[in-house]
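Shown next: input.cif, given as mmCIF, C-alpha atoms.
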```
data_coords
loop_
_atom_site.label_atom_id
_atom_site.label_comp_id
_atom_site.auth_asym_id
_atom_site.auth_seq_id
_atom_site.Cartn_x
_atom_site.Cartn_y
_atom_site.Cartn_z
CA MET A 1 2.06 -45.59 26.14
CA SER A 2 0.88 -43.66 23.09
CA HIS A 3 1.40 -39.98 22.41
CA PRO A 4 -0.90 -37.73 20.42
CA ALA A 5 0.26 -37.03 16.92
CA PRO A 6 1.24 -33.47 16.20
CA SER A 7 -1.02 -31.37 14.03
CA ASP A 8 -0.11 -30.95 10.37
CA SER A 9 0.90 -27.33 10.81
CA ARG A 10 3.12 -28.01 13.79
CA ALA A 11 4.61 -31.08 12.11
CA HIS A 12 5.73 -28.86 9.26
CA GLY A 13 7.23 -26.28 11.59
CA LEU A 14 4.76 -23.57 10.63
CA ILE A 15 3.81 -22.34 14.10
CA GLY A 16 5.60 -21.73 17.33
CA PRO A 17 8.86 -19.83 17.95
CA ALA A 18 10.84 -21.99 15.53
CA ALA A 19 8.61 -20.90 12.66
CA HIS A 20 9.36 -17.21 13.04
CA GLY A 21 12.36 -16.81 15.33
CA TRP A 22 15.51 -14.79 14.88
CA THR A 23 16.98 -17.13 12.28
CA GLN A 24 13.91 -16.81 10.09
CA ALA A 25 13.86 -13.05 10.61
CA PHE A 26 17.50 -12.81 9.57
CA LEU A 27 16.84 -14.85 6.42
CA ALA A 28 13.84 -12.66 5.55
CA VAL A 29 15.72 -9.39 5.99
CA ALA A 30 18.82 -10.73 4.21
CA ALA A 31 16.75 -11.88 1.23
CA ALA A 32 14.99 -8.51 1.00
CA LEU A 33 18.27 -6.61 1.29
CA VAL A 34 20.00 -8.68 -1.40
CA THR A 35 17.01 -8.29 -3.72
CA THR A 36 16.94 -4.54 -3.17
CA LEU A 37 20.68 -4.06 -3.73
CA VAL A 38 20.88 -6.37 -6.76
CA THR A 39 17.91 -4.67 -8.43
CA ALA A 40 19.37 -1.21 -7.76
CA ALA A 41 22.87 -2.23 -8.89
CA LEU A 42 21.70 -3.82 -12.15
CA GLY A 43 19.47 -0.85 -12.95
CA LEU A 44 22.24 1.65 -12.28
CA TRP A 45 24.73 -0.44 -14.23
CA ALA A 46 22.37 -0.48 -17.22
CA ALA A 47 22.05 3.30 -16.87
CA GLY A 48 25.84 3.69 -17.00
CA ALA A 49 26.40 4.58 -13.35
CA ALA A 50 29.19 2.01 -13.05
CA GLU A 51 31.42 4.53 -14.89
CA LEU A 52 31.02 7.23 -12.25
CA PRO A 53 34.41 8.55 -11.08
CA GLY A 54 35.96 8.12 -7.68
CA GLY A 55 34.52 4.69 -6.92
CA ALA A 56 31.08 6.20 -6.43
CA PHE A 57 29.07 3.22 -7.66
CA PRO A 58 28.61 1.41 -4.29
CA ALA A 59 27.56 4.67 -2.63
CA VAL A 60 25.06 5.42 -5.40
CA VAL A 61 23.62 1.89 -5.11
CA ALA A 62 23.22 2.37 -1.36
CA ALA A 63 21.58 5.77 -1.91
CA VAL A 64 19.06 4.30 -4.34
CA ALA A 65 18.32 1.51 -1.86
CA VAL A 66 17.80 4.09 0.90
CA LEU A 67 15.33 6.02 -1.26
CA ALA A 68 13.58 2.78 -2.20
CA VAL A 69 12.83 1.77 1.39
CA GLY A 70 11.56 5.12 2.54
CA GLY A 71 14.81 6.78 3.60
CA THR A 72 16.02 10.30 2.96
CA VAL A 73 19.00 11.31 0.82
CA GLU A 74 20.09 14.94 0.83
CA LEU A 75 21.88 16.45 -2.17
CA THR A 76 24.57 19.06 -1.64
CA GLY A 77 26.47 21.48 -3.84
CA ASP A 78 29.40 23.81 -3.25
CA ALA A 79 31.28 26.10 -5.59
CA GLY A 80 33.06 28.40 -3.19
CA PRO A 81 32.21 31.65 -1.40
CA LEU A 82 31.28 33.59 -4.58
CA SER A 83 28.63 31.12 -5.66
CA ALA A 84 25.46 29.44 -4.49
CA THR A 85 23.87 26.12 -5.24
CA ASP A 86 20.33 24.86 -4.96
CA VAL A 87 19.79 21.10 -5.07
CA GLU A 88 16.61 19.15 -4.36
CA LEU A 89 15.48 15.60 -5.09
CA THR A 90 12.21 13.84 -4.34
CA VAL A 91 11.78 10.68 -6.37
CA VAL A 92 11.34 7.03 -5.39
CA PRO A 93 12.85 4.20 -7.50
CA LEU A 94 9.72 2.08 -7.25
CA SER A 95 11.10 -0.95 -9.12
CA VAL A 96 13.64 -1.36 -6.34
CA THR A 97 10.96 -0.70 -3.73
CA LEU A 98 8.58 -3.26 -5.21
CA ALA A 99 11.22 -5.98 -5.56
CA GLY A 100 12.33 -5.69 -1.93
CA ALA A 101 8.76 -5.34 -0.66
CA LEU A 102 7.51 -8.48 -2.41
CA VAL A 103 10.34 -10.59 -1.00
CA LEU A 104 9.99 -9.23 2.53
CA ALA A 105 6.19 -9.62 2.49
CA ARG A 106 6.50 -13.21 1.32
CA TYR A 107 8.89 -14.11 4.13
CA PHE A 108 6.68 -12.29 6.65
CA LEU A 109 3.58 -14.27 5.66
CA ARG A 110 5.24 -17.64 5.05
CA PRO A 111 5.36 -18.93 8.66
CA LEU A 112 1.77 -17.79 9.23
CA ARG A 113 0.09 -19.77 6.46
CA LEU A 114 -2.30 -22.67 7.05
CA ARG A 115 -3.72 -21.07 10.19
CA ALA A 116 -7.05 -19.40 10.88
CA VAL A 117 -6.13 -17.29 13.90
CA ALA A 118 -2.91 -15.86 15.37
CA GLY A 119 -2.42 -14.02 18.62
CA ALA A 120 -1.74 -10.30 18.54
CA ARG A 121 1.35 -10.81 20.72
CA GLU A 122 2.65 -13.46 18.32
CA LEU A 123 2.25 -11.19 15.28
CA LEU A 124 3.80 -8.22 17.06
CA GLY A 125 6.74 -10.35 18.18
CA TRP A 126 7.38 -11.59 14.65
CA ALA A 127 7.14 -8.06 13.27
CA ALA A 128 9.44 -6.75 16.03
CA ARG A 129 12.17 -9.23 15.10
CA LEU A 130 12.00 -8.10 11.51
CA GLY A 131 11.97 -4.46 12.61
CA ALA A 132 15.05 -4.80 14.79
CA LEU A 133 17.10 -6.34 12.00
CA TRP A 134 15.68 -3.92 9.43
CA ALA A 135 16.83 -1.01 11.60
CA LEU A 136 20.40 -2.32 11.40
CA VAL A 137 20.07 -2.55 7.61
CA LEU A 138 18.83 1.04 7.39
CA VAL A 139 21.70 2.38 9.47
CA GLY A 140 24.22 0.43 7.39
CA LEU A 141 22.80 1.62 4.08
CA ALA A 142 22.66 5.22 5.28
CA ALA A 143 26.29 5.05 6.38
CA VAL A 144 27.43 3.89 2.93
CA ALA A 145 25.18 6.27 0.97
CA ARG A 146 27.44 9.34 0.84
CA HIS A 147 29.77 10.66 -1.86
CA SER A 148 30.84 13.88 -3.58
CA PHE A 149 31.71 14.65 -7.21
CA ASP A 150 33.65 17.37 -8.99
CA VAL A 151 31.37 19.24 -11.40
CA THR A 152 32.99 20.48 -14.60
CA PRO A 153 31.16 23.53 -16.00
CA ALA A 154 31.31 24.71 -19.59
CA GLY A 155 31.32 27.97 -21.55
CA THR A 156 31.21 31.23 -19.59
CA VAL A 157 30.89 29.42 -16.29
CA ALA A 158 34.13 27.52 -16.95
CA ASP A 159 35.99 30.73 -17.88
CA ILE A 160 34.90 32.57 -14.74
CA ALA A 161 35.50 29.56 -12.50
CA GLY A 162 39.00 29.08 -13.92
CA LEU A 163 39.84 32.77 -13.50
CA LEU A 164 38.76 32.78 -9.86
CA GLY A 165 40.03 29.31 -9.01
CA ILE A 166 36.53 28.04 -8.14
CA SER A 167 35.88 24.31 -8.23
CA ALA A 168 32.27 23.16 -8.12
CA LYS A 169 31.28 20.06 -6.22
CA ALA A 170 28.05 18.14 -5.89
CA GLY A 171 27.33 15.25 -3.59
CA PHE A 172 24.78 13.35 -1.57
CA SER A 173 24.46 11.83 1.87
CA ALA A 174 21.73 9.91 3.65
CA ASP A 175 20.13 11.43 6.72
CA VAL A 176 20.59 8.60 9.22
CA PRO A 177 17.90 9.54 11.81
CA LEU A 178 15.25 10.29 9.18
CA THR A 179 16.17 7.19 7.20
CA LEU A 180 15.77 5.09 10.33
CA LEU A 181 12.41 6.68 11.18
CA TYR A 182 10.89 6.62 7.69
CA GLY A 183 12.39 3.22 6.89
CA LEU A 184 10.73 1.64 9.93
CA LEU A 185 7.43 3.33 9.06
CA TRP A 186 7.81 1.92 5.53
CA LEU A 187 8.32 -1.55 7.01
CA ALA A 188 5.30 -1.22 9.30
CA ALA A 189 3.10 -0.12 6.39
CA LEU A 190 4.38 -2.98 4.23
CA LEU A 191 3.66 -5.64 6.87
CA ALA A 192 0.19 -4.20 7.53
CA ILE A 193 -0.66 -4.20 3.82
CA ALA A 194 0.66 -7.74 3.41
CA LEU A 195 -1.47 -8.94 6.33
CA LEU A 196 -4.60 -7.18 5.08
CA ALA A 197 -4.24 -8.24 1.45
CA SER A 198 -3.48 -11.89 2.13
CA HIS A 199 -6.32 -14.43 2.05
CA ARG A 200 -4.47 -17.06 4.06
CA ALA A 201 -2.58 -15.15 6.73
CA PRO A 202 -4.25 -15.39 10.15
CA LEU A 203 -5.64 -12.43 12.07
CA PRO A 204 -5.96 -11.95 15.82
CA ALA A 205 -9.31 -13.26 17.11
CA ARG A 206 -10.69 -9.75 17.66
CA LEU A 207 -10.02 -8.83 14.01
CA VAL A 208 -11.34 -11.97 12.32
CA ARG A 209 -14.75 -10.33 11.84
CA PHE A 210 -13.09 -7.78 9.54
CA HIS A 211 -11.76 -10.49 7.23
CA ALA A 212 -14.70 -10.39 4.80
CA ALA A 213 -15.08 -6.61 5.04
CA VAL A 214 -11.49 -5.57 4.32
CA ARG A 215 -9.48 -8.30 2.68
CA PRO A 216 -11.32 -8.75 -0.64
CA ALA A 217 -10.97 -5.06 -1.51
CA ALA A 218 -7.39 -4.85 -0.22
CA HIS A 219 -6.38 -7.90 -2.25
CA ALA A 220 -8.09 -6.45 -5.33
CA MET A 221 -6.18 -3.16 -5.03
CA VAL A 222 -2.80 -4.87 -4.64
CA THR A 223 -3.59 -7.08 -7.62
CA LEU A 224 -4.61 -4.02 -9.65
CA LEU A 225 -1.26 -2.35 -9.01
CA LEU A 226 0.69 -5.51 -9.85
CA VAL A 227 -1.26 -6.02 -13.08
CA TYR A 228 -0.35 -2.49 -14.16
CA VAL A 229 3.33 -3.24 -13.51
CA ALA A 230 3.13 -6.54 -15.39
CA ALA A 231 1.48 -4.84 -18.37
CA ALA A 232 4.12 -2.11 -18.37
CA LEU A 233 6.83 -4.79 -18.27
CA VAL A 234 5.41 -6.44 -21.39
CA VAL A 235 5.33 -3.08 -23.19
CA ALA A 236 8.91 -2.33 -22.11
CA LEU A 237 10.18 -5.67 -23.37
CA VAL A 238 8.46 -5.17 -26.71
CA VAL A 239 9.98 -1.69 -27.01
CA ALA A 240 13.44 -3.03 -26.14
CA ALA A 241 13.14 -5.78 -28.74
CA THR A 242 11.75 -3.64 -31.57
CA ARG A 243 13.14 -0.13 -31.13
CA GLY A 244 16.60 -0.70 -29.68
CA HIS A 245 18.06 1.17 -26.70
CA ALA A 246 17.91 -2.06 -24.74
CA ALA A 247 20.24 -0.85 -21.96
CA GLN A 248 18.18 2.28 -21.35
CA THR A 249 14.95 0.28 -21.31
CA ILE A 250 16.42 -2.24 -18.85
CA ALA A 251 17.50 0.63 -16.61
CA VAL A 252 13.95 1.99 -16.59
CA VAL A 253 12.52 -1.47 -15.88
CA LEU A 254 14.85 -2.07 -12.94
CA LEU A 255 14.61 1.42 -11.44
CA GLY A 256 11.33 3.09 -12.31
CA LEU A 257 8.85 0.81 -14.09
CA PRO A 258 6.09 1.13 -11.44
CA ASN A 259 6.57 4.93 -11.51
CA LEU A 260 5.52 4.98 -15.16
CA ALA A 261 2.91 2.21 -14.85
CA TRP A 262 1.14 3.83 -11.91
CA LEU A 263 1.33 7.28 -13.50
CA GLY A 264 -0.52 5.73 -16.43
CA MET A 265 -3.11 4.41 -13.99
CA LEU A 266 -3.53 7.85 -12.42
CA PHE A 267 -3.92 9.57 -15.80
CA GLY A 268 -6.47 6.94 -16.84
CA LEU A 269 -8.34 7.54 -13.60
CA GLY A 270 -8.62 11.25 -14.41
CA ALA A 271 -5.97 12.65 -12.07
CA SER A 272 -4.01 15.76 -13.00
CA PHE A 273 -0.57 17.08 -12.05
CA ASP A 274 1.34 20.33 -11.97
CA GLY A 275 4.33 19.67 -14.19
CA VAL A 276 7.41 21.28 -15.66
CA ALA A 277 10.73 20.10 -17.10
CA GLU A 278 13.52 22.58 -17.83
CA GLY A 279 17.21 22.29 -18.60
CA PRO A 280 19.39 19.56 -20.07
CA PHE A 281 18.62 17.00 -17.37
CA GLY A 282 15.49 14.93 -17.15
CA LEU A 283 13.97 11.61 -16.25
CA PRO A 284 13.24 8.68 -18.58
CA MET A 285 9.59 9.03 -19.55
CA PRO A 286 7.33 8.67 -22.60
CA LYS A 287 7.80 11.31 -25.31
CA ALA A 288 4.27 12.67 -24.91
CA LEU A 289 4.75 13.27 -21.18
CA ASP A 290 8.16 14.87 -21.72
CA ALA A 291 6.71 17.17 -24.40
CA VAL A 292 3.89 18.33 -22.13
CA LEU A 293 6.26 18.88 -19.20
CA ARG A 294 8.51 21.09 -21.36
CA THR A 295 5.73 23.62 -21.96
CA PRO A 296 7.35 26.97 -21.09
CA GLY A 297 6.46 28.03 -17.56
CA GLY A 298 4.92 24.67 -16.69
CA THR A 299 1.42 23.36 -17.25
CA THR A 300 -1.29 21.05 -15.95
CA VAL A 301 -0.58 17.48 -17.04
CA ASP A 302 -3.64 15.30 -17.50
CA LEU A 303 -5.10 12.83 -19.96
CA ARG A 304 -6.35 15.61 -22.24
CA SER A 305 -2.95 17.32 -22.52
CA LEU A 306 -1.21 13.99 -23.12
CA ALA A 307 -3.72 13.07 -25.82
CA ALA A 308 -3.05 16.40 -27.54
CA GLU A 309 0.54 15.18 -28.03
CA ASP A 310 -0.32 11.55 -28.75
CA GLY A 311 -3.89 10.39 -29.35
CA ARG A 312 -3.04 6.90 -28.09
CA ALA A 313 -3.09 8.33 -24.56
CA TRP A 314 -6.88 7.86 -24.53
CA TRP A 315 -6.23 4.12 -24.23
CA LEU A 316 -5.15 4.81 -20.65
CA LEU A 317 -8.79 5.58 -19.85
CA VAL A 318 -10.00 2.37 -21.51
CA VAL A 319 -7.39 0.23 -19.74
CA PHE A 320 -8.19 1.76 -16.36
CA ALA A 321 -11.95 1.27 -16.81
CA VAL A 322 -11.47 -2.40 -17.67
CA LEU A 323 -8.97 -3.17 -14.90
CA VAL A 324 -10.74 -1.32 -12.08
CA SER A 325 -14.04 -2.97 -13.07
CA ALA A 326 -12.34 -6.37 -12.98
CA ALA A 327 -10.92 -5.54 -9.55
CA ALA A 328 -14.38 -4.59 -8.27
CA VAL A 329 -15.87 -7.84 -9.57
CA ALA A 330 -13.02 -9.90 -8.08
CA ALA A 331 -13.57 -8.27 -4.68
CA ALA A 332 -17.32 -8.91 -4.89
CA VAL A 333 -16.82 -12.57 -5.82
CA ARG A 334 -14.56 -13.09 -2.81
CA THR A 335 -17.06 -11.48 -0.44
CA PRO A 336 -19.28 -14.07 1.30
CA ALA A 337 -23.04 -13.88 0.75
CA PRO A 338 -25.16 -11.93 1.35
CA LEU A 339 -23.48 -9.22 -0.71
CA ARG A 340 -24.96 -5.75 -0.24
CA ALA A 341 -24.23 -3.74 -3.39
CA TRP A 342 -24.26 -0.33 -1.68
CA TYR A 343 -21.80 -1.53 0.95
CA HIS A 344 -19.51 -3.00 -1.69
CA ALA A 345 -19.61 0.35 -3.54
CA PHE A 346 -18.61 2.21 -0.39
CA ARG A 347 -15.85 -0.29 0.35
CA MET A 348 -14.44 -0.03 -3.17
CA ALA A 349 -14.50 3.76 -2.99
CA VAL A 350 -12.53 3.77 0.27
CA ALA A 351 -10.05 1.18 -1.04
CA LEU A 352 -9.46 3.02 -4.30
CA VAL A 353 -9.09 6.39 -2.58
CA LEU A 354 -6.45 4.97 -0.23
CA THR A 355 -4.66 3.29 -3.16
CA VAL A 356 -4.63 6.47 -5.25
CA LEU A 357 -3.48 8.51 -2.26
CA THR A 358 -0.53 6.16 -1.73
CA VAL A 359 0.39 5.90 -5.41
CA SER A 360 0.13 9.67 -5.96
CA PHE A 361 2.49 10.23 -3.03
CA LEU A 362 4.98 7.66 -4.32
CA CYS A 363 4.91 8.81 -7.95
CA ARG A 364 5.50 12.51 -7.34
CA VAL A 365 8.73 13.97 -8.72
CA ASP A 366 10.45 17.12 -7.48
CA ALA A 367 14.04 17.46 -8.66
CA SER A 368 16.15 20.56 -9.29
CA TYR A 369 19.78 21.67 -9.51
CA GLY A 370 21.08 25.18 -9.89
CA LEU A 371 24.49 26.91 -9.77
CA SER A 372 24.92 30.69 -9.70
CA LEU A 373 27.97 32.98 -9.62
CA PHE A 374 27.81 36.45 -8.05
CA GLY A 375 24.05 35.97 -7.68
CA LEU A 376 23.55 36.01 -11.45
CA GLY A 377 21.75 32.70 -11.64
CA ASP A 378 22.69 29.98 -14.08
CA VAL A 379 25.36 31.70 -16.15
CA GLY A 380 25.53 29.87 -19.46
CA GLY A 381 22.36 27.84 -18.91
CA VAL A 382 24.28 24.59 -18.48
CA LEU A 383 24.12 23.74 -14.80
CA ALA A 384 20.48 24.33 -13.98
CA ALA A 385 17.57 21.97 -14.37
CA ARG A 386 14.30 21.12 -12.73
CA VAL A 387 11.65 18.45 -13.17
CA HIS A 388 8.43 18.72 -11.18
CA LEU A 389 5.41 16.44 -11.35
CA LEU A 390 3.17 17.05 -8.34
CA PRO A 391 -0.40 15.73 -8.04
CA HIS A 392 -3.61 17.71 -7.63
CA TRP A 393 -4.81 15.80 -4.59
CA GLY A 394 -8.44 16.87 -4.73
CA THR A 395 -8.87 15.86 -8.38
CA ALA A 396 -7.17 12.48 -7.91
CA LEU A 397 -9.03 11.49 -4.74
CA GLY A 398 -12.39 12.75 -6.00
CA ALA A 399 -12.02 10.75 -9.23
CA ALA A 400 -11.00 7.67 -7.22
CA ALA A 401 -14.07 7.95 -4.99
CA LEU A 402 -16.37 8.26 -8.01
CA TRP A 403 -14.79 5.33 -9.87
CA GLY A 404 -14.93 3.20 -6.71
CA LEU A 405 -18.58 3.93 -6.06
CA VAL A 406 -19.69 3.27 -9.65
CA THR A 407 -17.65 0.11 -10.29
CA GLY A 408 -18.32 -1.23 -6.80
CA LEU A 409 -22.08 -0.76 -7.14
CA LEU A 410 -22.22 -2.36 -10.59
CA ALA A 411 -20.01 -5.27 -9.52
CA GLY A 412 -22.05 -5.81 -6.36
CA LEU A 413 -25.32 -5.88 -8.31
CA LEU A 414 -23.84 -8.23 -10.93
CA VAL A 415 -22.43 -10.75 -8.46
CA ALA A 416 -25.54 -10.66 -6.25
CA THR A 417 -27.75 -11.33 -9.31
CA LEU A 418 -25.59 -14.22 -10.47
CA ARG A 419 -25.65 -15.78 -7.00
CA ARG A 420 -29.43 -15.58 -6.80
CA ARG A 421 -29.79 -17.24 -10.20
CA SER A 422 -27.30 -19.99 -9.40
CA GLY A 423 -28.86 -20.56 -5.97
#
```
Taking this structure as input, can you express it in the form of structure tokens?
Amino acid sequence: MSHPAPSDSRAHGLIGPAAHGWTQAFLAVAAALVTTLVTAALGLWAAGAAELPGGAFPAVVAAVAVLAVGGTVELTGDAGPLSATDVELTVVPLSVTLAGALVLARYFLRPLRLRAVAGARELLGWAARLGALWALVLVGLAAVARHSFDVTPAGTVADIAGLLGISAKAGFSADVPLTLLYGLLWLAALLAIALLASHRAPLPARLVRFHAAVRPAAHAMVTLLLVYVAAALVVALVVAATRGHAAQTIAVVLLGLPNLAWLGMLFGLGASFDGVAEGPFGLPMPKALDAVLRTPGGTTVDLRSLAAEDGRAWWLLVVFAVLVSAAAVAAAVRTPAPLRAWYHAFRMAVALVLTVLTVSFLCRVDASYGLSLFGLGDVGGVLAARVHLLPHWGTALGAAALWGLVTGLLAGLLVATLRRRSG
């Protein structure tokens, strides 16, 4: 008696519970966690954080990992009853975020390949397994991400503190409930983006009709962001090889390369930011950006102000025009005929607006630290600093809509014309 041969996909173990059960979910989450921690640890080591006192390095690595996956880390300061501290930090180490996200997205999509359709219950079950294990990771990271340091002041502050017996401390701790909430939202957003941007991953039957409408533009936007990071990596490696400071450059690559790459994209787009940098502390950034940020009282940071410091900043506009046009053409080529140019323009505008909204949110910086005695503010000017870089949302989103409409319309007309001639 003969038995029917299994299909190719089932023969390779690509569908069914075995393809995305708990074992596969554990491997996916473990791989993403290891990637996230290793990237954070190497970046911090290159930045010199391994020399932090009191065995703080593991806690700092965990804190960076928490920030990278959407969690919340609160900074604290204390210098006794006669003093006050003000500490704030909003910055995402996007190199760590991107490394973990790419690994997790790959493992999420891997058991779904070579299929045209997947049930909604099947996809939700697979995502739920990942979510359950990811929640345990978030709680564990948040529990480790806490430490405090002794702060040694200088000058007048040191004299007064020694006279009064005041010892200043600064520390950090992860907010467990918020880290769990935001971390799971981060995971949900990542899985949704991976599913929408993939050409091969199956969709539930009711959503298949949206494949041609959404996926070409979504894939083009993800590719655009990755190309910017790849280009920034090439520039960073050239700088490290020709100008020295290799350790500092490696630290930037492993902790904040997408922050700088996507800021360059936003400036090339025409976005503007409110910015200021004061005090001895700062963030690794190009000299032109640092110079503009240190304008007394703060200023508007845009392509024009950057170009006033370094004329090469105008190349950001050229690079953006070329890359976003290429993305629009790529999305049009992947759209099945007939291609309506006006619809492609609208689709590109929506996709680029959503991309710029996300990137602007991720690239914002709001960091400050201040210590005052007797309400006199920063006595000595040593222990106070702030770095702010906050987007003008209307300018950024308006520019994105305009670029999307123009490049989408031109790409749609170009591809439609070429198809008519070839047909």
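The gap separating atom CA of Gly264 of chain A from atom CA of Trp393 of chain A is 16.1 Å, in Å to one decimal.
Going from atom CA of Ser422 of chain A over to atom CA of Ala345 of chain A, you cover 22.5 Å.
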All residues 10 Å or closer to segment 410-415 of chain A, only C-alpha atoms, same chain fewer than 4 positions away omitted, as a ChimeraX atom specification:
/A:325-335,337,339-345,348,404-406,419-421
Neighbours of Leu94 of chain A within 9 Å (all atoms listed in the file; same-chain residues fewer than 4 positions away dropped), as a PyMOL selection string?
chain A and resi 68+98-99+254-259+362-363
Check which residues satisfy the PyMOL selection byres ((chain A and resi 234-236) around 10) in the file shown, then give them as a PDB file with C-alpha atoms, keeping the file's coordinate frame.
```pdb
ATOM      1  CA  VAL A 229       3.330  -3.240 -13.510  1.00  0.00           C
ATOM      2  CA  ALA A 230       3.130  -6.540 -15.390  1.00  0.00           C
ATOM      3  CA  ALA A 231       1.480  -4.840 -18.370  1.00  0.00           C
ATOM      4  CA  ALA A 232       4.120  -2.110 -18.370  1.00  0.00           C
ATOM      5  CA  LEU A 233       6.830  -4.790 -18.270  1.00  0.00           C
ATOM      6  CA  LEU A 237      10.180  -5.670 -23.370  1.00  0.00           C
ATOM      7  CA  VAL A 238       8.460  -5.170 -26.710  1.00  0.00           C
ATOM      8  CA  VAL A 239       9.980  -1.690 -27.010  1.00  0.00           C
ATOM      9  CA  ALA A 240      13.440  -3.030 -26.140  1.00  0.00           C
ATOM     10  CA  ALA A 241      13.140  -5.780 -28.740  1.00  0.00           C
ATOM     11  CA  THR A 242      11.750  -3.640 -31.570  1.00  0.00           C
ATOM     12  CA  ALA A 246      17.910  -2.060 -24.740  1.00  0.00           C
ATOM     13  CA  THR A 249      14.950   0.280 -21.310  1.00  0.00           C
ATOM     14  CA  ILE A 250      16.420  -2.240 -18.850  1.00  0.00           C
ATOM     15  CA  VAL A 252      13.950   1.990 -16.590  1.00  0.00           C
ATOM     16  CA  VAL A 253      12.520  -1.470 -15.880  1.00  0.00           C
ATOM     17  CA  LEU A 257       8.850   0.810 -14.090  1.00  0.00           C
TER      18      LEU A 257
END
```
For the structure provided, state which residues fall under the PyMOL selection byres ((chain A and resi 180) around 8), and present them as a list in words.
Gly71, Ala135, Leu138, Val139, Val176, Pro177, Leu178, Thr179, Leu181, Tyr182, Gly183 and Leu184 of chain A
Take segment 120-124 of chain A, model all heavy atoms, and hand the result over as an mmCIF file, in the coordinates of the input.
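Ended up saving to rebuild25.cif:
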```
data_model
loop_
_atom_site.group_PDB
_atom_site.id
_atom_site.type_symbol
_atom_site.label_atom_id
_atom_site.label_comp_id
_atom_site.auth_asym_id
_atom_site.auth_seq_id
_atom_site.Cartn_x
_atom_site.Cartn_y
_atom_site.Cartn_z
ATOM 1 N N ALA A 120 -2.311 -11.622 18.812
ATOM 2 C CA ALA A 120 -1.740 -10.300 18.540
ATOM 3 C C ALA A 120 -0.296 -10.235 19.026
ATOM 4 O O ALA A 120 0.570 -9.660 18.365
ATOM 5 C CB ALA A 120 -2.589 -9.224 19.206
ATOM 6 N N ARG A 121 -0.020 -10.819 20.186
ATOM 7 C CA ARG A 121 1.350 -10.810 20.720
ATOM 8 C C ARG A 121 2.296 -11.561 19.795
ATOM 9 O O ARG A 121 3.431 -11.147 19.582
ATOM 10 C CB ARG A 121 1.365 -11.416 22.113
ATOM 11 C CG ARG A 121 2.736 -11.427 22.760
ATOM 12 C CD ARG A 121 2.677 -12.003 24.165
ATOM 13 N NE ARG A 121 1.817 -11.206 25.018
ATOM 14 C CZ ARG A 121 1.574 -11.481 26.309
ATOM 15 N NH1 ARG A 121 2.137 -12.561 26.863
ATOM 16 N NH2 ARG A 121 0.786 -10.712 27.025
ATOM 17 N N GLU A 122 1.811 -12.673 19.233
ATOM 18 C CA GLU A 122 2.650 -13.460 18.320
ATOM 19 C C GLU A 122 2.999 -12.649 17.064
ATOM 20 O O GLU A 122 4.160 -12.604 16.646
ATOM 21 C CB GLU A 122 1.896 -14.725 17.919
ATOM 22 C CG GLU A 122 2.626 -15.588 16.891
ATOM 23 C CD GLU A 122 1.762 -16.728 16.385
ATOM 24 O OE1 GLU A 122 0.581 -16.805 16.785
ATOM 25 O OE2 GLU A 122 2.267 -17.524 15.590
ATOM 26 N N LEU A 123 2.003 -11.991 16.473
ATOM 27 C CA LEU A 123 2.250 -11.190 15.280
ATOM 28 C C LEU A 123 3.170 -10.019 15.573
ATOM 29 O O LEU A 123 4.084 -9.712 14.793
ATOM 30 C CB LEU A 123 0.921 -10.689 14.710
ATOM 31 C CG LEU A 123 0.016 -11.741 14.074
ATOM 32 C CD1 LEU A 123 -1.305 -11.102 13.643
ATOM 33 C CD2 LEU A 123 0.688 -12.405 12.891
ATOM 34 N N LEU A 124 2.949 -9.356 16.704
ATOM 35 C CA LEU A 124 3.800 -8.220 17.060
ATOM 36 C C LEU A 124 5.237 -8.672 17.320
ATOM 37 O O LEU A 124 6.197 -7.974 16.968
ATOM 38 C CB LEU A 124 3.234 -7.509 18.282
ATOM 39 C CG LEU A 124 1.933 -6.726 18.051
ATOM 40 C CD1 LEU A 124 1.415 -6.158 19.364
ATOM 41 C CD2 LEU A 124 2.153 -5.603 17.048
#
```
